[in-house]
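Colleague: Take this structure first; my questions come after.
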Amino acid sequence: MSDERIIKKYPNRRLYDTEVSKYITVADVRALVMKGAKFRVMDTTNEEDLTRSILLQIMLEEESAGQPLFTANMLAQIIRFYGGTLHGLFARYLEQSLNVFAKQQHQVRETLAQDPLETVARMTQRSVEMWADFQKEFLRAAGLQTDSKSDQAE
């Protein structure tokens with residue numbers, strides 16, 4: 001049995017969590033996201049995966065309430081990547097960037113209590129190293145880095 005939770009979406013727009021055998025709200029799905037639970041939202045009519053649609057709905061609600069995460073300029077820049085030649089590369093870049101950020105956030109939480117100043121210094125150094133490595137790989141994958149001598153000089 002998969003550890004992925006299945007949530008069924010019925011034609012009446014209700015969501016049914018099969019793990020707890022009850023109807024849930026979009027707010028409940030948001031809570032699952034915040035806990036890091038693995039889940040998939042399936043349309044009961046045609047078995048279509050609606051997970052992305054529900055996640056986008058949650059993001060729209062979050063952006064509309066309180067303080068938005070994305071500026072209009074950021075959203076416009078993201079939209080410009082749709083259908084372009086770097087569409088897939090940009091998606092991977094964003095995903096990797098978020099993964100790096102999440103890992104760093106987790107590490108900070110774990111070690112900040114021990115020695116805050118040493119932790120911040122170590123995390124800053126590691127962040128610079130990770131971003132430099134990531135940028136090199138990104139440029140290499142995009143075919144924009146042709147000078148291998150610059151890598152050797154470091």
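A note on labels: chains of the structure tokens are A, B, ... as shown, every chain counts residues from 1, and ligands are counted from 1 in their shown order.
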With only C-alpha atoms as the counted atoms, please give the residues lying no more than 8 Å from A:Arg14, apart from itself and same-chain residues fewer than 5 positions off, as an MDAnalysis selection string.

Modeller: chainID A and resid 9 23:25

Colleague: Quick one: of A:Glu63, A:Glu137, A:Asp49, A:Asp28, who's nearest to A:Ile6, counting only C-alpha atoms?

Modeller: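 Of all the options, A:Asp49 lies closest to A:Ile6.
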
Colleague: Near A:Ser21, counting only C-alpha atoms, which residues have an atom at most 12 Å away, once you skip same-chain residues fewer than 3 positions from it, shown as an MDAnalysis selection string?

Modeller: chainID A and resid 5:8 15:18 24

Colleague: Smallest atom-to-atom distance to A:Ala27: which of A:Gln67, A:Gln57, A:Gln77, A:Thr111, using only C-alpha atoms?

Modeller: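 Closest candidate: A:Gln57.
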
Colleague: Just want the 12 Å neighbourhood of stretch 86-93 of chain A, counted on only C-alpha atoms, with same-chain residues fewer than 2 positions away dropped. Output as an NGL selection string.

Modeller: :A and (77-84 or 95-100 or 131 or 134-143)

Colleague: Restricted to N, CA, C and O atoms, what would the selected residues look like written as a tab-separated table (two decimals), in the first residue's frame?

Modeller:
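To be explicit, this is the file written out as result36.tsv:
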```tsv
chain	number	residue	atom	x	y	z
A	77	GLN	N	7.05	37.72	-14.73
A	77	GLN	CA	8.26	37.05	-15.19
A	77	GLN	C	8.05	35.55	-15.31
A	77	GLN	O	8.50	34.92	-16.27
A	78	ILE	N	7.37	34.96	-14.36
A	78	ILE	CA	7.08	33.52	-14.41
A	78	ILE	C	6.22	33.20	-15.62
A	78	ILE	O	6.49	32.25	-16.36
A	79	ILE	N	5.19	34.01	-15.87
A	79	ILE	CA	4.29	33.78	-17.00
A	79	ILE	C	5.06	33.81	-18.32
A	79	ILE	O	4.79	33.03	-19.23
A	80	ARG	N	6.05	34.69	-18.41
A	80	ARG	CA	6.83	34.79	-19.65
A	80	ARG	C	7.60	33.51	-19.98
A	80	ARG	O	7.95	33.29	-21.13
A	81	PHE	N	7.85	32.67	-19.00
A	81	PHE	CA	8.58	31.43	-19.25
A	81	PHE	C	7.69	30.34	-19.85
A	81	PHE	O	8.19	29.38	-20.42
A	82	TYR	N	6.37	30.47	-19.72
A	82	TYR	CA	5.48	29.45	-20.26
A	82	TYR	C	5.62	29.38	-21.77
A	82	TYR	O	5.55	30.39	-22.46
A	83	GLY	N	5.84	28.17	-22.27
A	83	GLY	CA	5.93	27.95	-23.71
A	83	GLY	C	7.25	28.35	-24.34
A	83	GLY	O	7.48	28.08	-25.50
A	84	GLY	N	8.13	28.98	-23.59
A	84	GLY	CA	9.42	29.39	-24.12
A	84	GLY	C	10.39	28.23	-24.18
A	84	GLY	O	10.12	27.12	-23.70
A	95	GLU	N	12.34	24.58	-8.79
A	95	GLU	CA	12.19	23.46	-7.87
A	95	GLU	C	13.46	23.24	-7.05
A	95	GLU	O	13.40	23.06	-5.83
A	96	GLN	N	14.60	23.26	-7.72
A	96	GLN	CA	15.87	23.07	-7.01
A	96	GLN	C	16.13	24.22	-6.04
A	96	GLN	O	16.62	24.00	-4.93
A	97	SER	N	15.81	25.43	-6.45
A	97	SER	CA	16.00	26.60	-5.57
A	97	SER	C	15.16	26.46	-4.31
A	97	SER	O	15.63	26.72	-3.21
A	98	LEU	N	13.91	26.04	-4.48
A	98	LEU	CA	13.04	25.86	-3.32
A	98	LEU	C	13.54	24.73	-2.43
A	98	LEU	O	13.46	24.81	-1.20
A	99	ASN	N	14.05	23.66	-3.04
A	99	ASN	CA	14.61	22.55	-2.25
A	99	ASN	C	15.80	23.00	-1.43
A	99	ASN	O	15.92	22.66	-0.25
A	100	VAL	N	16.70	23.76	-2.04
A	100	VAL	CA	17.87	24.28	-1.33
A	100	VAL	C	17.42	25.17	-0.17
A	100	VAL	O	17.91	25.04	0.95
A	131	TRP	N	24.83	27.77	-3.69
A	131	TRP	CA	24.32	28.57	-4.79
A	131	TRP	C	25.35	28.67	-5.92
A	131	TRP	O	24.99	28.67	-7.09
A	134	PHE	N	25.19	25.37	-7.70
A	134	PHE	CA	23.93	25.28	-8.43
A	134	PHE	C	23.95	26.17	-9.67
A	134	PHE	O	23.52	25.77	-10.75
A	135	GLN	N	24.50	27.38	-9.52
A	135	GLN	CA	24.57	28.30	-10.66
A	135	GLN	C	25.47	27.73	-11.76
A	135	GLN	O	25.13	27.81	-12.94
A	136	LYS	N	26.59	27.13	-11.39
A	136	LYS	CA	27.46	26.51	-12.38
A	136	LYS	C	26.73	25.42	-13.15
A	136	LYS	O	26.81	25.34	-14.37
A	137	GLU	N	26.01	24.56	-12.41
A	137	GLU	CA	25.27	23.48	-13.05
A	137	GLU	C	24.16	24.01	-13.94
A	137	GLU	O	23.91	23.50	-15.03
A	138	PHE	N	23.48	25.04	-13.47
A	138	PHE	CA	22.40	25.64	-14.25
A	138	PHE	C	22.94	26.21	-15.56
A	138	PHE	O	22.39	25.97	-16.63
A	139	LEU	N	24.04	26.98	-15.47
A	139	LEU	CA	24.63	27.56	-16.67
A	139	LEU	C	25.16	26.49	-17.61
A	139	LEU	O	25.02	26.58	-18.83
A	140	ARG	N	25.75	25.45	-17.03
A	140	ARG	CA	26.26	24.35	-17.84
A	140	ARG	C	25.11	23.65	-18.58
A	140	ARG	O	25.17	23.37	-19.77
A	141	ALA	N	24.00	23.40	-17.85
A	141	ALA	CA	22.84	22.73	-18.45
A	141	ALA	C	22.20	23.59	-19.53
A	141	ALA	O	21.67	23.07	-20.51
A	142	ALA	N	22.25	24.90	-19.35
A	142	ALA	CA	21.66	25.80	-20.33
A	142	ALA	C	22.59	26.04	-21.52
A	142	ALA	O	22.22	26.69	-22.48
A	143	GLY	N	23.81	25.49	-21.44
A	143	GLY	CA	24.77	25.67	-22.52
A	143	GLY	C	25.38	27.05	-22.55
A	143	GLY	O	25.92	27.48	-23.56
```

Colleague: Taking the DSSP assignment computed from this structure's backbone, write out as a list in words all residues of stretch 7-135 of chain A that belong to strand (DSSP E or B).

Modeller: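 Assigned to strand (DSSP E or B), within stretch 7-135 of chain A: Ile7, Lys8, Lys9, Leu15, Tyr16, Asp17, Lys22, Tyr23, Ile24, Phe39, Arg40, Val41, Met42, Asp43 and Asp49 of chain A.
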
Colleague: Taking the DSSP assignment computed from this structure's backbone, write out as number ranges by chain all residues of chain A that belong to alpha helix (DSSP H).

Modeller: A: 26-35, 51-64, 72-81, 87-111, 116-141, 149-153
